[in-house]
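Structure, as structure tokens:
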Amino acid sequence: MAPTKDDDSLAGDLNEEARIEELSDEDGIPFPGRHLTKSYLPIPPWLVPSSLDLFPEDHQTATSEAYTKVQAECLPHLLGEDTQDLPLNKYRIPHLRRAQHAAFLHASLGDLPSAYIALDAARPWVFYWGFSGLTVLGESVMQYRSRLINTVRPMQNPLGGFGGGHGQTSHCAASYACVLALAMVDALEHVNRRTIWHWLGKLKQANGGFRMAENAEEDVRGAYCAFIMITVLNLPLELPPSSPARRAGLQRFDDKLGDYISTLQTWEGGIGASPPCSEAHGAYAFLALGTLAMIDAPHIIIPKYLDLPALLRWMALQQTSPEGGFAGRTNKLVDACYSQWIGGTWSLLQAALGPNAPEVQGKDLWNKAALVRYLLTCSQQPGKKGGMRDKPSTRPDGYHTTYALAGMSAAMNQYTYDAEGPVRDERGRLMAGFNWKAEGVEKKVLAGMGVEESGRVGYVHPVYVMPFDVVEGFREKFPSCGFEV
Ligand code: FPP
Ligand code: K
Ligand code: ZN
């Protein structure tokens, strides 16, 4: 197992003699039971009784072996010893391979090899990843408009929502991805808002959470996807009369949702998928904070339902060293997709702390330069193909390309919540998700990350994970709830 920060500070900078002194009582005898590793004991290792040798430093586990392997595959790239023939910028860090990554994402929107049949029910994700990734790279996706409309039309079910394909059951993730993909080509008028509202009503549960589909599992993905659809499509917040949650006394989609989300925070400080005690994971941290940030101002609603110092600590511990990227959970491996799930969540957490929090003023809460270096040196696929990957030993795909780029955007740009913005409009629509502002970091900050001006990536909305102008677009698209309930 890799040493934790606490282990480091215990060992500190003391030399061997001083360590021994610190660990010994006045007679120079080591405290029994403390620091039983051989190097801390002032007696030759061959005299240490094996019964004391409970936690030898060289004990290997599947976790420690996996960790050593990843470190070995990343270090040569991080240190510039193996540049994989990528062209380097003046800071001797690889350039972002814009053209190759864009070509990779365009290709992911065309005919796919047969192995992709496994992704059939997740097809709408492919459109969302392709569009979202291309727009961060500054490319237009409007040329896909009519193809997308033709492709998703048969996926929409008469009783509301989208499945992953024609004839498939409506599902929150498929519906979320279809709605956001349609938004990115300005085609939201193809969504049947009335039926999607009825369908979402069936997913709302008495405990405040949402199922992913009728009779399917309930977890915080459901809540996030539902509130994306509610706020993008400006659906009524009132539950439809047929919603089973009404029988439990709930009246609105956001009823009991904050309480539900507060049950997801674990003993580690991070956020799990569903109550009562699933493992803290970065993806769920994003979904929980993103959901709350659609309902009210982050500095009001997030501290109301979550222990911020505990979450902050957990988030910080997921940034890996020496790789510099994020792992999704404790004792697991760095992976570029968490550049978004955790890297992107920092903006929400920073906003939750409020503009005057001492942790925020003039300081970064996380190491942005380390993330950027990991992404540019380890995550870019070398050679003709392009695309970004989890880590050097893996293949690039649309999911990792998009979320690596979104995380890079979180490092290179500053996303701030405008606390003056309205959290409701005059009709009661939830507006908090629309109050964000984006600004690129200063040139010298960018240089501090080892990136030239030409290496900047576009703005990615911290709640909707899409371009800001698209978010502006759907904010205006349905000015009223627009149908008789
Ligand atoms: C574990 O994978 C990953 C999860 C448990 C979370 C997956 C959820 C998302 C990526 C979020 C989905 C987003 C929406 C909007 C619905 P693993 O065990 O392969 O990886 P690990 O070892 O890094 O944890
Ligand atoms: K992973
Ligand atoms: Zn991943």
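Residues are named by chain letter and number: chains run A, B, ... in the order of the structure tokens, numbers start at 1 in each chain, and ligands are numbered from 1 in the order shown.
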
Kindly compile the residues surrounding ligand 3 within 9 Å, counting only C-alpha atoms and all ligand atoms, and format them as a PyMOL selection string. chain A and resi 327-328+334-338+389-391+399-400+403

Same residues, C-alpha atoms, saved as a PDB file, in the first residue's frame:
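Once written, part38.pdb looks like this:
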ATOM      1  CA  ALA A 327      -7.959   8.103  -8.566  1.00  0.00           C
ATOM      2  CA  GLY A 328     -11.701   7.504  -8.204  1.00  0.00           C
ATOM      3  CA  VAL A 334      -4.938   7.107 -11.243  1.00  0.00           C
ATOM      4  CA  ASP A 335      -7.283   7.322 -14.256  1.00  0.00           C
ATOM      5  CA  ALA A 336      -7.790  10.277 -16.623  1.00  0.00           C
ATOM      6  CA  CYS A 337     -11.613  10.131 -16.441  1.00  0.00           C
ATOM      7  CA  TYR A 338     -11.438  11.307 -12.812  1.00  0.00           C
ATOM      8  CA  ARG A 389      -6.697   7.183 -22.402  1.00  0.00           C
ATOM      9  CA  ASP A 390      -7.110   6.257 -18.743  1.00  0.00           C
ATOM     10  CA  LYS A 391      -3.350   5.552 -18.350  1.00  0.00           C
ATOM     11  CA  TYR A 399     -15.328   8.503 -22.585  1.00  0.00           C
ATOM     12  CA  HIS A 400     -11.728   9.079 -21.437  1.00  0.00           C
ATOM     13  CA  TYR A 403     -13.510  13.628 -19.470  1.00  0.00           C
TER      14      TYR A 403
END

Backbone-only DSSP, strand (DSSP E or B) members of segment 406-459 of chain A, as a PyMOL selection string: chain A and resi 413-417+424+430+436-440

File dump, residues just selected, C-alpha atoms, as a tab-separated table (two decimals), in the first residue's frame:
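Wrote part18.tsv, looks like this:
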chain	number	residue	atom	x	y	z
A	413	ASN	CA	-10.02	27.92	-16.42
A	414	GLN	CA	-11.62	29.46	-13.37
A	415	TYR	CA	-15.31	28.74	-12.85
A	416	THR	CA	-17.04	30.93	-10.31
A	417	TYR	CA	-20.59	31.09	-9.07
A	424	ARG	CA	-35.55	31.08	-9.05
A	430	LEU	CA	-34.60	26.59	-10.77
A	436	TRP	CA	-21.74	30.42	-13.43
A	437	LYS	CA	-18.99	32.53	-15.01
A	438	ALA	CA	-15.87	31.30	-16.76
A	439	GLU	CA	-12.50	32.91	-17.18
A	440	GLY	CA	-9.17	31.56	-18.44

Counting only C-alpha atoms and all ligand atoms, name the residues that have an atom within 8 Å of an atom of ligand 1; the answer should be given as a PyMOL selection string. chain A and resi 172-173+176+221-222+224-225+273+281-284+287+327-329+332-335+337-338+341

N, CA and C atoms of the current selection, written as a PDB file, in the first residue's frame:
ATOM      1  N   CYS A 172     -32.593   6.604 -17.423  1.00  0.00           N
ATOM      2  CA  CYS A 172     -32.125   7.949 -17.067  1.00  0.00           C
ATOM      3  C   CYS A 172     -30.852   8.346 -17.801  1.00  0.00           C
ATOM      4  N   ALA A 173     -29.874   7.431 -17.875  1.00  0.00           N
ATOM      5  CA  ALA A 173     -28.597   7.803 -18.489  1.00  0.00           C
ATOM      6  C   ALA A 173     -28.772   8.038 -19.988  1.00  0.00           C
ATOM      7  N   TYR A 176     -30.710  11.334 -20.405  1.00  0.00           N
ATOM      8  CA  TYR A 176     -29.806  12.445 -20.092  1.00  0.00           C
ATOM      9  C   TYR A 176     -28.896  12.728 -21.285  1.00  0.00           C
ATOM     10  N   ARG A 221     -26.962   8.880  -9.531  1.00  0.00           N
ATOM     11  CA  ARG A 221     -26.973   9.169 -10.973  1.00  0.00           C
ATOM     12  C   ARG A 221     -28.388   9.562 -11.397  1.00  0.00           C
ATOM     13  N   GLY A 222     -29.389   8.852 -10.831  1.00  0.00           N
ATOM     14  CA  GLY A 222     -30.782   9.123 -11.190  1.00  0.00           C
ATOM     15  C   GLY A 222     -31.174  10.562 -10.857  1.00  0.00           C
ATOM     16  N   TYR A 224     -29.186  13.200 -10.473  1.00  0.00           N
ATOM     17  CA  TYR A 224     -28.475  14.156 -11.330  1.00  0.00           C
ATOM     18  C   TYR A 224     -29.114  14.180 -12.722  1.00  0.00           C
ATOM     19  N   CYS A 225     -29.311  13.007 -13.308  1.00  0.00           N
ATOM     20  CA  CYS A 225     -29.900  12.959 -14.663  1.00  0.00           C
ATOM     21  C   CYS A 225     -31.289  13.600 -14.665  1.00  0.00           C
ATOM     22  N   ALA A 273     -22.786   5.945  -3.868  1.00  0.00           N
ATOM     23  CA  ALA A 273     -23.848   5.937  -4.885  1.00  0.00           C
ATOM     24  C   ALA A 273     -25.244   5.992  -4.278  1.00  0.00           C
ATOM     25  N   HIS A 281     -16.869   7.420  -3.966  1.00  0.00           N
ATOM     26  CA  HIS A 281     -16.288   7.370  -5.307  1.00  0.00           C
ATOM     27  C   HIS A 281     -16.460   8.730  -5.974  1.00  0.00           C
ATOM     28  N   GLY A 282     -15.431   9.146  -6.702  1.00  0.00           N
ATOM     29  CA  GLY A 282     -15.417  10.482  -7.291  1.00  0.00           C
ATOM     30  C   GLY A 282     -16.597  10.790  -8.190  1.00  0.00           C
ATOM     31  N   ALA A 283     -17.059   9.786  -8.949  1.00  0.00           N
ATOM     32  CA  ALA A 283     -18.174  10.048  -9.866  1.00  0.00           C
ATOM     33  C   ALA A 283     -19.406  10.494  -9.077  1.00  0.00           C
ATOM     34  N   TYR A 284     -19.610   9.879  -7.916  1.00  0.00           N
ATOM     35  CA  TYR A 284     -20.803  10.221  -7.134  1.00  0.00           C
ATOM     36  C   TYR A 284     -20.644  11.556  -6.417  1.00  0.00           C
ATOM     37  N   LEU A 287     -21.798  13.922  -9.018  1.00  0.00           N
ATOM     38  CA  LEU A 287     -23.252  13.863  -9.230  1.00  0.00           C
ATOM     39  C   LEU A 287     -24.006  14.487  -8.059  1.00  0.00           C
ATOM     40  N   ALA A 327      -7.355   9.427  -8.652  1.00  0.00           N
ATOM     41  CA  ALA A 327      -7.959   8.103  -8.566  1.00  0.00           C
ATOM     42  C   ALA A 327      -9.422   8.317  -8.184  1.00  0.00           C
ATOM     43  N   GLY A 328     -10.277   7.353  -8.500  1.00  0.00           N
ATOM     44  CA  GLY A 328     -11.701   7.504  -8.204  1.00  0.00           C
ATOM     45  C   GLY A 328     -12.050   7.183  -6.767  1.00  0.00           C
ATOM     46  N   ARG A 329     -11.207   6.399  -6.128  1.00  0.00           N
ATOM     47  CA  ARG A 329     -11.494   6.014  -4.743  1.00  0.00           C
ATOM     48  C   ARG A 329     -10.217   5.588  -4.032  1.00  0.00           C
ATOM     49  N   LYS A 332      -7.123   3.077  -4.983  1.00  0.00           N
ATOM     50  CA  LYS A 332      -7.216   2.645  -6.365  1.00  0.00           C
ATOM     51  C   LYS A 332      -6.293   3.502  -7.222  1.00  0.00           C
ATOM     52  N   LEU A 333      -6.368   3.303  -8.524  1.00  0.00           N
ATOM     53  CA  LEU A 333      -5.317   3.832  -9.407  1.00  0.00           C
ATOM     54  C   LEU A 333      -5.723   5.122 -10.097  1.00  0.00           C
ATOM     55  N   VAL A 334      -4.721   5.910 -10.439  1.00  0.00           N
ATOM     56  CA  VAL A 334      -4.938   7.107 -11.243  1.00  0.00           C
ATOM     57  C   VAL A 334      -5.647   6.705 -12.545  1.00  0.00           C
ATOM     58  N   ASP A 335      -6.541   7.579 -13.018  1.00  0.00           N
ATOM     59  CA  ASP A 335      -7.283   7.322 -14.256  1.00  0.00           C
ATOM     60  C   ASP A 335      -7.767   8.682 -14.775  1.00  0.00           C
ATOM     61  N   CYS A 337     -10.196   9.717 -16.475  1.00  0.00           N
ATOM     62  CA  CYS A 337     -11.613  10.131 -16.441  1.00  0.00           C
ATOM     63  C   CYS A 337     -11.937  10.876 -15.146  1.00  0.00           C
ATOM     64  N   TYR A 338     -11.179  10.597 -14.082  1.00  0.00           N
ATOM     65  CA  TYR A 338     -11.438  11.307 -12.812  1.00  0.00           C
ATOM     66  C   TYR A 338     -10.937  12.746 -12.834  1.00  0.00           C
ATOM     67  N   TRP A 341     -14.474  13.824 -13.016  1.00  0.00           N
ATOM     68  CA  TRP A 341     -15.343  13.466 -11.885  1.00  0.00           C
ATOM     69  C   TRP A 341     -14.843  14.068 -10.574  1.00  0.00           C
TER      70      TRP A 341
END

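Distances here use only C-alpha atoms; by that measure, the residue among A:Asp259, A:Gly209, A:Trp129, A:His95 closest to Thr83 of chain A is A:His95.
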
With DSSP run on the backbone, what are the alpha helix (DSSP H) residues within segment 149-391 of chain A? I'd like them as an MDAnalysis selection string. chainID A and resid 149:152 172:184 193:203 220:232 257:262 282:295 298:305 308:317 338:341 345:353 368:374

Near Gly80 of chain A, within 12 Å and counting only C-alpha atoms, which residues show up once chain neighbours fewer than 5 positions away are dropped, as a PyMOL selection string? chain A and resi 74-75+85-89+91-94+373-374+376-378

Take the residues just selected and output them with N, CA and C atoms as a PDB file, in the first residue's frame.
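For reference, again29.pdb as written:
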ATOM      1  N   CYS A  74       4.123   5.247 -15.739  1.00  0.00           N
ATOM      2  CA  CYS A  74       3.910   6.699 -15.864  1.00  0.00           C
ATOM      3  C   CYS A  74       5.188   7.518 -15.705  1.00  0.00           C
ATOM      4  N   LEU A  75       6.067   7.095 -14.795  1.00  0.00           N
ATOM      5  CA  LEU A  75       7.225   7.936 -14.466  1.00  0.00           C
ATOM      6  C   LEU A  75       8.082   8.342 -15.675  1.00  0.00           C
ATOM      7  N   ASP A  85       7.685  10.213 -28.682  1.00  0.00           N
ATOM      8  CA  ASP A  85       7.787  10.966 -29.939  1.00  0.00           C
ATOM      9  C   ASP A  85       6.714  12.034 -30.098  1.00  0.00           C
ATOM     10  N   LEU A  86       6.101  12.446 -29.002  1.00  0.00           N
ATOM     11  CA  LEU A  86       5.135  13.544 -29.091  1.00  0.00           C
ATOM     12  C   LEU A  86       5.920  14.851 -29.217  1.00  0.00           C
ATOM     13  N   PRO A  87       5.482  15.772 -30.094  1.00  0.00           N
ATOM     14  CA  PRO A  87       6.178  17.055 -30.172  1.00  0.00           C
ATOM     15  C   PRO A  87       6.046  17.819 -28.844  1.00  0.00           C
ATOM     16  N   LEU A  88       7.157  18.427 -28.403  1.00  0.00           N
ATOM     17  CA  LEU A  88       7.169  19.089 -27.091  1.00  0.00           C
ATOM     18  C   LEU A  88       7.056  20.601 -27.241  1.00  0.00           C
ATOM     19  N   ASN A  89       6.482  21.252 -26.240  1.00  0.00           N
ATOM     20  CA  ASN A  89       6.441  22.717 -26.231  1.00  0.00           C
ATOM     21  C   ASN A  89       7.722  23.253 -25.582  1.00  0.00           C
ATOM     22  N   TYR A  91       8.311  24.258 -22.736  1.00  0.00           N
ATOM     23  CA  TYR A  91       8.544  23.769 -21.369  1.00  0.00           C
ATOM     24  C   TYR A  91       8.886  22.274 -21.365  1.00  0.00           C
ATOM     25  N   ARG A  92       9.074  21.727 -22.552  1.00  0.00           N
ATOM     26  CA  ARG A  92       9.414  20.309 -22.733  1.00  0.00           C
ATOM     27  C   ARG A  92       8.301  19.373 -22.269  1.00  0.00           C
ATOM     28  N   ILE A  93       7.073  19.846 -22.439  1.00  0.00           N
ATOM     29  CA  ILE A  93       5.886  19.018 -22.167  1.00  0.00           C
ATOM     30  C   ILE A  93       5.158  18.845 -23.502  1.00  0.00           C
ATOM     31  N   PRO A  94       4.571  17.673 -23.751  1.00  0.00           N
ATOM     32  CA  PRO A  94       3.909  17.489 -25.052  1.00  0.00           C
ATOM     33  C   PRO A  94       2.785  18.509 -25.278  1.00  0.00           C
ATOM     34  N   ARG A 373      -0.073  18.019 -16.289  1.00  0.00           N
ATOM     35  CA  ARG A 373       1.111  17.261 -16.707  1.00  0.00           C
ATOM     36  C   ARG A 373       0.768  15.789 -16.917  1.00  0.00           C
ATOM     37  N   TYR A 374      -0.029  15.223 -16.016  1.00  0.00           N
ATOM     38  CA  TYR A 374      -0.430  13.816 -16.209  1.00  0.00           C
ATOM     39  C   TYR A 374      -1.168  13.649 -17.535  1.00  0.00           C
ATOM     40  N   LEU A 376      -1.195  15.526 -20.282  1.00  0.00           N
ATOM     41  CA  LEU A 376      -0.425  15.752 -21.506  1.00  0.00           C
ATOM     42  C   LEU A 376       0.656  14.694 -21.728  1.00  0.00           C
ATOM     43  N   THR A 377       1.233  14.207 -20.632  1.00  0.00           N
ATOM     44  CA  THR A 377       2.348  13.261 -20.806  1.00  0.00           C
ATOM     45  C   THR A 377       1.891  11.800 -20.835  1.00  0.00           C
ATOM     46  N   CYS A 378       0.874  11.469 -20.033  1.00  0.00           N
ATOM     47  CA  CYS A 378       0.513  10.048 -19.873  1.00  0.00           C
ATOM     48  C   CYS A 378      -0.791   9.671 -20.564  1.00  0.00           C
TER      49      CYS A 378
END

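When only C-alpha atoms are used to measure the gap to Arg475 of chain A, the shortest distance among A:Ser64, A:Thr320, A:Tyr305, A:Thr231 belongs to A:Thr231.
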
So, with only C-alpha atoms and all ligand atoms as the atoms that count, which of A:Asn367, A:Asn331, A:Ile261, A:Glu452 lies closest to ligand 2? A:Asn331

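Using only C-alpha atoms, the shortest contact distance between Lys202 of chain A and any of A:Ile271, A:Leu239, A:Ala223, A:Val372 is found at A:Leu239.
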
Gap from atom CA of Ser175 of chain A to atom CA of Asn234 of chain A - Å, one decimal: 15.1 Å

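Taking atom CA of Phe104 of chain A and atom CA of Gly386 of chain A as the two end points, the separation is 5.8 Å.
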
Please provide the set of residues having any atom within 8 Å of Val471 of chain A, restricted to only C-alpha atoms, with same-chain residues fewer than 4 positions apart removed, written as a short mmCIF file (atom, residue, chain, number, x, y, z; two decimals) with N, CA and C atoms, in the first residue's frame.
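Result file out28.cif:
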data_model
loop_
_atom_site.label_atom_id
_atom_site.label_comp_id
_atom_site.auth_asym_id
_atom_site.auth_seq_id
_atom_site.Cartn_x
_atom_site.Cartn_y
_atom_site.Cartn_z
N PHE A 434 -27.53 28.24 -13.73
CA PHE A 434 -27.22 29.19 -14.81
C PHE A 434 -26.37 30.37 -14.35
N HIS A 461 -18.92 23.90 -18.75
CA HIS A 461 -19.78 24.30 -17.64
C HIS A 461 -19.65 23.31 -16.48
N TYR A 464 -23.23 21.37 -16.00
CA TYR A 464 -23.81 20.66 -17.16
C TYR A 464 -22.77 19.92 -18.01
N MET A 466 -20.83 20.94 -20.42
CA MET A 466 -21.09 21.30 -21.82
C MET A 466 -20.61 22.73 -22.04
N PRO A 467 -20.55 23.16 -23.30
CA PRO A 467 -20.14 24.55 -23.53
C PRO A 467 -21.10 25.55 -22.89
N ARG A 475 -31.30 27.77 -21.53
CA ARG A 475 -31.90 28.65 -20.52
C ARG A 475 -33.01 29.49 -21.16
#

Which residue out of A:Ser339, A:Ala293, A:Ser480, A:Glu426 has the minimum interatomic distance to ligand 2 when only C-alpha atoms and all ligand atoms are used? A:Ser339

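Nearest-residue note for ligand 2: choosing from A:Val457, A:Val445, A:Thr330, A:Ile117, the minimum distance belongs to A:Thr330, counting only C-alpha atoms and all ligand atoms.
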